[in-house]
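Chemist: Mind looking over this structure? Questions follow.
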Number of protein chains: 6
Amino acid sequence: MLTQEIINESVLRALQEDAPTGDITSETLIPESATATARLHAREAGVFSGGQVFAAAFKLVDPSVHIEVLVEDGARMQAGQLLAEVSGSARSVLRAERIGLNFAQRMSGIATLTAAYVDAIAGTNARILDTRKTTPGLRVFERAAVVAGGGVNHRFSLSDAVLAKDNHLAVLTAGGKDLATELQRVRTLVGPDIKIEVEVDRVNQIEPVLAGGVDIIMLDNFTLEELREGVALVAGRAIVEASGNVRLDTVRAIAETGVDVISVGALTHSARALDLGLDISLEVTA
Amino acid sequence: MLTQEIINESVLRALQEDAPTGDITSETLIPESATATARLHAREAGVFSGGQVFAAAFKLVDPSVHIEVLVEDGARMQAGQLLAEVSGSARSVLRAERIGLNFAQRMSGIATLTAAYVDAIAGTNARILDTRKTTPGLRVFERAAVVAGGGVNHRFSLSDAVLAKDNHLAVLTAGGKDLATELQRVRTLVGPDIKIEVEVDRVNQIEPVLAGGVDIIMLDNFTLEELREGVALVAGRAIVEASGNVRLDTVRAIAETGVDVISVGALTHSARALDLGLDISLEVTA
Amino acid sequence: MLTQEIINESVLRALQEDAPTGDITSETLIPESATATARLHAREAGVFSGGQVFAAAFKLVDPSVHIEVLVEDGARMQAGQLLAEVSGSARSVLRAERIGLNFAQRMSGIATLTAAYVDAIAGTNARILDTRKTTPGLRVFERAAVVAGGGVNHRFSLSDAVLAKDNHLAVLTAGGKDLATELQRVRTLVGPDIKIEVEVDRVNQIEPVLAGGVDIIMLDNFTLEELREGVALVAGRAIVEASGNVRLDTVRAIAETGVDVISVGALTHSARALDLGLDISLEVTA
Amino acid sequence: MLTQEIINESVLRALQEDAPTGDITSETLIPESATATARLHAREAGVFSGGQVFAAAFKLVDPSVHIEVLVEDGARMQAGQLLAEVSGSARSVLRAERIGLNFAQRMSGIATLTAAYVDAIAGTNARILDTRKTTPGLRVFERAAVVAGGGVNHRFSLSDAVLAKDNHLAVLTAGGKDLATELQRVRTLVGPDIKIEVEVDRVNQIEPVLAGGVDIIMLDNFTLEELREGVALVAGRAIVEASGNVRLDTVRAIAETGVDVISVGALTHSARALDLGLDISLEVTA
Amino acid sequence: MLTQEIINESVLRALQEDAPTGDITSETLIPESATATARLHAREAGVFSGGQVFAAAFKLVDPSVHIEVLVEDGARMQAGQLLAEVSGSARSVLRAERIGLNFAQRMSGIATLTAAYVDAIAGTNARILDTRKTTPGLRVFERAAVVAGGGVNHRFSLSDAVLAKDNHLAVLTAGGKDLATELQRVRTLVGPDIKIEVEVDRVNQIEPVLAGGVDIIMLDNFTLEELREGVALVAGRAIVEASGNVRLDTVRAIAETGVDVISVGALTHSARALDLGLDISLEVTA
Amino acid sequence: MLTQEIINESVLRALQEDAPTGDITSETLIPESATATARLHAREAGVFSGGQVFAAAFKLVDPSVHIEVLVEDGARMQAGQLLAEVSGSARSVLRAERIGLNFAQRMSGIATLTAAYVDAIAGTNARILDTRKTTPGLRVFERAAVVAGGGVNHRFSLSDAVLAKDNHLAVLTAGGKDLATELQRVRTLVGPDIKIEVEVDRVNQIEPVLAGGVDIIMLDNFTLEELREGVALVAGRAIVEASGNVRLDTVRAIAETGVDVISVGALTHSARALDLGLDISLEVTA
């Protein structure tokens, strides 16, 4: 999850990237005593995410800046809605503005896209899952945005769970070894906290995989008919994940096949930034 | 620009994020001696970017992996075109795959979108510029992708150039001070390498700003008519930048007004990942 | 698991700690051209662990040092057995010696203690588990040593699995809420890769916890009789972990109750370093 | 010595290791508003060490946690004695608990073992010294624990003092060079703040070494008789260190030979964690 | 410019260098409760720089130390003038003293030397510029000191501006290519914020370079006569920089040739530390 | 001492400072295939230092650059003497040039100044010592330069030795405590490797300090007559250090008083960079 420690580390890094040796415009044009008030608005409807991160940008630049985020992560926003209010040193507000926005717009974009998928399957028992197709360096942020949008998170990294794909299975059964036996052996190699997931491409792979005792079975690029068949075959013996060719116009039909979770790479690799605007007004004391 | 040092630092960070304590799937299922060959293809047409970064993912995991990138950054790709070939330890290839793809898909997405803008203004004298609306932590990568797509880069950060917006100007002329005089004073505060740019919202701001001796003047949210008027007024005394409401369907008309550069935030904040695929085949020696 | 990246990072840190500005003894007394050969022996019987780490100490000081580790991690050693041979620059060998030993002795100590527990339960179906009672900063190394000794690893960190203890349960059922219902609600909050474990102190807590659908149930400080009763009650519906008062003289009886895993804090918090010795001989060329 | 800066750096590193992306149990089960009080007790008698480090774990997680350490480093503890009280956010207390304990138990274990050695030589003029056989990354902490137990510290690292062992001496006198002359030459190579120590294995090495003007002479693996002879020979011309085969049952006899300092590797490489317990009670406000 | 973030990072690094494991003198001799007051004086006349850095040294060691800097960066100091007052924990003041002084003396030395150059050209239109000949790791500090002394800064780094020297020009025109055409081509490769400077060694290189449209032309090692000729030739079409053989006794004549800026490597590579003294008095409470 | 690890860390940091996102001049003007040869010359006489650091700058930019340093650290150089030869990629050579020079010029400046002091006392038994008045972040480099110039190093940091000054002594004897007794008590608080030095301002402080058993006594700001008196009083019971008002024209007389070591702050705080020049010639292949 998104801890303050991670937020601070990444936001500081971004602030540093955005002004390694300071903001020469403000330092040259704006008196140190000038103050600013700023209001963050949604310029389009969507789901908000990144409030804590947005706030951190200002607080890390200058702890004396006052900031109030008015909307919870995961809240639906109307176009024009006021989201946060900021006040403090003008130089500080201008220094943090772009970084705060870059995070909040990106996270809100992901939350909004996730919510569209979640809405599309409303009333089914399925849940929307993210993938490892995240922006390098920002995985924790993007996963938090998926949760804000109503999705749940897949394994965080390669270190967290076993996920065997076709290539792994080919290796596992090389030389005619029995898949179920091999999967049971894998189980003894990992501790009790590790889940084992196997990806299958065809219905007839399901039974041998289940015989190996897996926790999750991923049905990859299955047709709707095959998904239904798969769900019936699994019959609750493992969590069923659908994957591949998931789009907003196909996701509901997929959910209705009875799968438990549906993973969607586009949530993180192709969301566009949501349009949030920060209106700043400066005041110079005489 | 994108140096090997920056690439290594960011790719290592991403690799670490993706497998902090190793890939338990490979370590459990794939023998250490297994090898893999992999081919990177374009699954859709576009402009390639990120070849050096893609290669670094594999080289940083395992210097003994052999990788050949067949396409230069900035090259046009056809759907299905072979882009790179990788061979080496199966565990290493599987470990680096997702990170290499995450970078290359994102950078190629930005290059492709940039190229669409550049193509749209072909034959005019204008150039397409990026903005500071980049992914936190990845600015250098995204700027390189913009260049691969045929664009040029705006200031890298707040530390590089003076860019005075409406708020700054209001402060500068508070108490009835003369704008041109104040801008000339700013010139004496910064060294000879620093460019000064001013953003204006109305045509009648142009002349006072030019009187201050700026290097670049940004015409923000001007109509086409106003842009033409602005270009005529400036008459070569500064570089003219158009900004605001730039879309693929409006950019050519903007370019035809005679502006020098057109900045487009969407290049980096809303590009979607291009679909590149890595097909891997493993070999286990008896 | 123990990756080369983690090894290098931690060993470099230890080398830096051990000689922040170089080894003044060698730099003052040993000519740069002197060479050394060194042999690592076991001075007592046990289970070896840390070969890759021991080698890294020398390689990181000086890549031209030649080192051959003759024994696999997890191998049983006799007192006096030759474990590794090192040759190269005398200054380099002396610089790396202590750090290589500090890691290998500590890891072999843990592996040896783990193996004692594993041996003690030989023939039962139970497995020996580590805990989070590890040396700050060395968790990955100590977990690898547990595996070398024949144990398996518990969750790596607080971020990997839900483990609800008495305090958590008290909060969860505050105000008279139903435990099973609450646990089922927790399941919907986490993704499909996250295991849920609950610790219970009394037999009559087991059924309500199982009704909540947990993956692992920890029977904490149960008597042998209670453990047997607990195993019978769970009846395969969850993995059963025994915890508390586990010593070398009690562990077999615990294993024979039928529990699946037994967690032992002492493996990492109270193992003593195994006695390994490095005999070095220097040669100065005329 | 143990500075706040070093404490914070290492404790943060350990906290990060223990929950890289947060504590999913607390975040899922414990309301943000829940509070906790906790009491640290000694579960066995010993010497306390690590109070400042224990406190830092809580303060670094959440500066609003209140913590009072009731016992000074170096104090003797009775079994059952209350050592510290903690109160604050329940999530924060649970997040820091294990890390605070891991440090304090380890440091108190070392302090307790050191005190046993110090007690064993009470009434002699000798002092107990640590060695470089410390846990990688934790040397400063372990040295502080030795001091808490009544010992004193040897050189911190290879960069601090010259310590010539048999191999170094062999090199120094290769080709028939005179040892005393060579040692005097070494003296001119190092600044006035650097102490020079030489390890000898036989009584007849003592005189030539003293002729070279060393500050400390280490008598390695000497019998008691040889130690007495050595002390007499040195006659105050250098500090005399005894080393090798030092155990709790031999240390007093060694001290009574008249040596100045006795170095004991076991203090840090083989201390077991002392049993300290933290009893936590949570409160959820309605 | 010098941001608080950069100051903190570099001062912490220096504090760490100066006492990696604490100040054993203070920790051994000074009671924790002792307090100190200290006064920073100028021991010679000059220009002050580094006040914020001096203060940071104390604040980073111990936020409870009170410090008041009485003089602005850039102010002229008389010998004996009081510059700052410090009070707080004696251990903290003694720990920070040397680092605070090392920075302030060095920065004031550079500011004082810069001011000497600036004074020497008073009344001309030229400005004094620094170079990249700075102390490794301290460039931002040294540039701030140059500004405090009345100078202005050249490009911060190789990444900020194009500066083509003789070797670059030779490459650019290899094979008989036209210099002006090549420089115009370079202009299209860089974004609008990048300045292009060219160094010339002879008067007859000026016209071709100007034809290429450069922003700054550096006249390197020109005689006074050549400088005058160069200024006349350029005639305001570019900024004119004089470089080479600039000393305190030659700089005014150079400035009087009409050049715009004069770069002086000695400002940073050969300034001596200014003599500032910190008088500390300790108080021990009974 | 100066290890390769420290060199690499600091040189990389400096390279990063000098071109955070690459060298836009070279990347724009110099073909990737162009090569360069470069020769480092002394432009004035002096003592060379920094050869290994100079080489590292090129090797870290590009391991394929060939570099041969022809002169040992500590060697006397004539004006015009060839010091090193470099060849390789033109872009790489230009990228590393300034950083290599910044280090080598600074270190050679310190070595040259140190040698002047050492030469001035030739024939006496005294040695020249450095102080903690070093450039923040570069202490190890500057100490190595002092050694290259024939000096020896004082304690590296506050963590290495006890150095009690007037303020410390005042605290130590507050309430009428006996100085010698207190110093003997300090001796029991520190380990056997720690030297104790005391600074005195008057001759009559010497005897009480010696009675406390110190290793080094610093005679601060003593007249020549007082120094002679002090040396006679100490009579070999401690190392005698002279400090204060040490200049090139006073140092010999100080040395002739019989003191053992003379510390000179100016060695590091006020050395000017020595003039070394790198002549580069580029070659572009057709």
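Naming scheme: A, B, ... for chains in displayed order of the structure tokens; residues 1 onward per chain; ligands 1 onward as shown.
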Which residues of chain F come within 8 Å of chain B, and what is each one's closest atom pair and distance in Å (one decimal), counting only C-alpha atoms, sorted by chain and residue number, as JSON lines?

Modeler:
```
{"residue": "F:Thr21", "atom": "CA", "partner": "B:Met1", "partner_atom": "CA", "distance": 5.1}
{"residue": "F:Gly22", "atom": "CA", "partner": "B:Met1", "partner_atom": "CA", "distance": 5.5}
{"residue": "F:Asp23", "atom": "CA", "partner": "B:Met1", "partner_atom": "CA", "distance": 7.9}
{"residue": "F:Ile24", "atom": "CA", "partner": "B:Met1", "partner_atom": "CA", "distance": 7.4}
```

Chemist: Could the residues in this selection be written to a file with all heavy atoms, as a JSON list (two decimals), in the first residue's frame?

Modeler:
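That gives us selection_12.json:
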```
[["chain", "number", "residue", "atom", "x", "y", "z"],
["F", 21, "THR", "N", 22.35, 15.57, -17.43],
["F", 21, "THR", "CA", 21.65, 14.89, -18.52],
["F", 21, "THR", "C", 22.49, 14.90, -19.80],
["F", 21, "THR", "O", 21.95, 15.02, -20.90],
["F", 21, "THR", "CB", 20.26, 15.52, -18.77],
["F", 21, "THR", "OG1", 20.45, 16.94, -18.97],
["F", 21, "THR", "CG2", 19.35, 15.32, -17.58],
["F", 22, "GLY", "N", 23.79, 14.74, -19.63],
["F", 22, "GLY", "CA", 24.65, 14.60, -20.80],
["F", 22, "GLY", "C", 25.27, 15.91, -21.26],
["F", 22, "GLY", "O", 24.95, 16.98, -20.74],
["F", 23, "ASP", "N", 26.16, 15.81, -22.22],
["F", 23, "ASP", "CA", 26.91, 16.96, -22.75],
["F", 23, "ASP", "C", 26.29, 17.33, -24.08],
["F", 23, "ASP", "O", 26.56, 16.70, -25.11],
["F", 23, "ASP", "CB", 28.38, 16.53, -22.93],
["F", 23, "ASP", "CG", 29.22, 17.60, -23.59],
["F", 23, "ASP", "OD1", 28.67, 18.63, -24.04],
["F", 23, "ASP", "OD2", 30.45, 17.41, -23.67],
["F", 24, "ILE", "N", 25.43, 18.35, -24.07],
["F", 24, "ILE", "CA", 24.69, 18.62, -25.31],
["F", 24, "ILE", "C", 25.59, 19.13, -26.42],
["F", 24, "ILE", "O", 25.28, 18.99, -27.59],
["F", 24, "ILE", "CB", 23.50, 19.59, -25.13],
["F", 24, "ILE", "CG1", 23.92, 20.89, -24.46],
["F", 24, "ILE", "CG2", 22.36, 18.94, -24.41],
["F", 24, "ILE", "CD1", 22.79, 21.92, -24.46]]
```

Chemist: If you run DSSP on the backbone, which residues of segment 167-223 of chain F are strand (DSSP E or B), as a ChimeraX atom specification?

Modeler: /F:196-200,216-220

Chemist: What are the closest atom pairs, with distances in Å to one decimal, for all residues of segment 130-181 of chain D lying within 7 Å of segment 188-192 of chain F? Consider only C-alpha atoms, order rows by chain and residue number, and present the result as a tab-separated table.

Modeler:
```
residue	atom	partner	partner_atom	distance
D:Val152	CA	F:Gly191	CA	5.2
D:Asn153	CA	F:Gly191	CA	4.9
D:His154	CA	F:Gly191	CA	5.7
```

Chemist: Rounded to one decimal place, report the atom CA of Asn8 of chain C-atom CA of Asn8 of chain D distance in Å.

Modeler: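 Separating atom CA of Asn8 of chain C from atom CA of Asn8 of chain D is a distance of 22.7 Å.
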
Chemist: Need the shell around Asn125 of chain A: protein/DNA/RNA residues with any atom at most 10 Å away, counting only C-alpha atoms. Skip same-chain ones fewer than 5 positions apart. Format as a list of chain:residue names?

Modeler: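 Skipping anything fewer than 5 positions along the chain leaves A:Ala255, A:Glu256, A:Thr257, A:Gly258, A:Val259, A:Asp260, A:Val261.
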
Chemist: Those same residues - C-alpha atoms - I'd like them written as a compact mmCIF listing (two decimals), in the first residue's frame.

Modeler:
```txt
# COMPACT_ATOMS: atom_id res chain seq x y z
CA ALA A 255 -17.57 -11.19 -15.80
CA GLU A 256 -20.86 -12.88 -16.47
CA THR A 257 -19.11 -16.16 -17.23
CA GLY A 258 -18.59 -16.50 -13.48
CA VAL A 259 -14.84 -15.86 -13.26
CA ASP A 260 -13.61 -14.49 -9.95
CA VAL A 261 -11.14 -11.86 -11.13
```

Chemist: What lies within 7 Å of Leu282 of chain A using only C-alpha atoms, ignoring chain neighbours under 3 positions off, as a ChimeraX atom specification?

Modeler: /A:34-37,90 /B:167

Chemist: Go through segment 74-249 of chain A and collect every residue that DSSP, computed from the backbone, puts in alpha helix (DSSP H); the answer should be as a PyMOL selection string.

Modeler: chain A and resi 90-120+139-148+166-172+179-189+206-211+224-234

Chemist: Name all residues at most 12 Å from Glu142 of chain B (count only C-alpha atoms; drop same-chain ones fewer than 6 positions away) and give them as JSON, numbers by chain.

Modeler: {"A": [135], "B": [1, 2, 7, 49, 50, 53, 103, 104, 105, 106, 107, 108, 109, 110, 111, 112, 113, 114, 129, 130, 131, 132, 133, 134, 135, 136, 148, 149, 151, 152, 153, 154, 156, 265, 266, 267, 268, 269, 270, 271]}

Chemist: Just the selected residues (C-alpha atoms), exported as a PDB file, in the first residue's frame, please.

Modeler:
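Below is the file that was written, part_11.pdb:
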```pdb
ATOM      1  CA  THR A 135       5.043   2.841 -15.006  1.00  0.00           C
TER       2      THR A 135
ATOM      3  CA  MET B   1      19.672  13.723 -23.041  1.00  0.00           C
ATOM      4  CA  LEU B   2      19.429  10.094 -22.177  1.00  0.00           C
ATOM      5  CA  ILE B   7      19.289   4.599 -18.022  1.00  0.00           C
ATOM      6  CA  SER B  49      11.779   4.541 -28.965  1.00  0.00           C
ATOM      7  CA  GLY B  50      13.582   3.007 -26.022  1.00  0.00           C
ATOM      8  CA  VAL B  53      16.628   1.177 -22.443  1.00  0.00           C
ATOM      9  CA  PHE B 103       9.923   1.203 -20.812  1.00  0.00           C
ATOM     10  CA  ALA B 104       9.874   0.508 -24.541  1.00  0.00           C
ATOM     11  CA  GLN B 105       6.081   0.480 -24.847  1.00  0.00           C
ATOM     12  CA  ARG B 106       5.756   3.747 -22.977  1.00  0.00           C
ATOM     13  CA  MET B 107       8.537   5.491 -24.880  1.00  0.00           C
ATOM     14  CA  SER B 108       7.302   4.191 -28.230  1.00  0.00           C
ATOM     15  CA  GLY B 109       3.822   5.386 -27.329  1.00  0.00           C
ATOM     16  CA  ILE B 110       5.134   8.896 -26.758  1.00  0.00           C
ATOM     17  CA  ALA B 111       7.300   8.847 -29.881  1.00  0.00           C
ATOM     18  CA  THR B 112       4.347   7.686 -31.937  1.00  0.00           C
ATOM     19  CA  LEU B 113       2.054  10.386 -30.625  1.00  0.00           C
ATOM     20  CA  THR B 114       4.749  13.025 -31.139  1.00  0.00           C
ATOM     21  CA  LEU B 129       7.696  20.980 -28.155  1.00  0.00           C
ATOM     22  CA  ASP B 130       7.124  18.965 -25.001  1.00  0.00           C
ATOM     23  CA  THR B 131       6.244  20.354 -21.554  1.00  0.00           C
ATOM     24  CA  ARG B 132       6.939  19.630 -17.880  1.00  0.00           C
ATOM     25  CA  LYS B 133       3.774  17.467 -17.739  1.00  0.00           C
ATOM     26  CA  THR B 134       5.860  14.307 -17.585  1.00  0.00           C
ATOM     27  CA  THR B 135       5.692  11.149 -15.530  1.00  0.00           C
ATOM     28  CA  PRO B 136       7.411  11.753 -12.177  1.00  0.00           C
ATOM     29  CA  ALA B 148      12.624  10.208 -31.336  1.00  0.00           C
ATOM     30  CA  GLY B 149       9.201  11.251 -32.592  1.00  0.00           C
ATOM     31  CA  GLY B 151       9.818  16.913 -31.575  1.00  0.00           C
ATOM     32  CA  VAL B 152      12.205  19.139 -29.671  1.00  0.00           C
ATOM     33  CA  ASN B 153      12.495  19.688 -25.935  1.00  0.00           C
ATOM     34  CA  HIS B 154      11.397  22.654 -23.881  1.00  0.00           C
ATOM     35  CA  PHE B 156      14.160  20.537 -18.735  1.00  0.00           C
ATOM     36  CA  GLY B 265       1.282  18.575 -22.914  1.00  0.00           C
ATOM     37  CA  ALA B 266      -0.549  15.503 -24.170  1.00  0.00           C
ATOM     38  CA  LEU B 267       2.676  14.130 -25.699  1.00  0.00           C
ATOM     39  CA  THR B 268       3.749  12.979 -22.280  1.00  0.00           C
ATOM     40  CA  HIS B 269       0.732  13.112 -20.011  1.00  0.00           C
ATOM     41  CA  SER B 270      -1.707  11.188 -22.152  1.00  0.00           C
ATOM     42  CA  ALA B 271       0.143   8.944 -24.576  1.00  0.00           C
TER      43      ALA B 271
END
```

Chemist: Would you list the contacts of Gly80 of chain D as an MDAnalysis selection string, taking every protein, DNA or RNA residue within 6 Å and counting only C-alpha atoms, but skipping same-chain residues closer than 4 positions in sequence?

Modeler: chainID D and resid 41:43
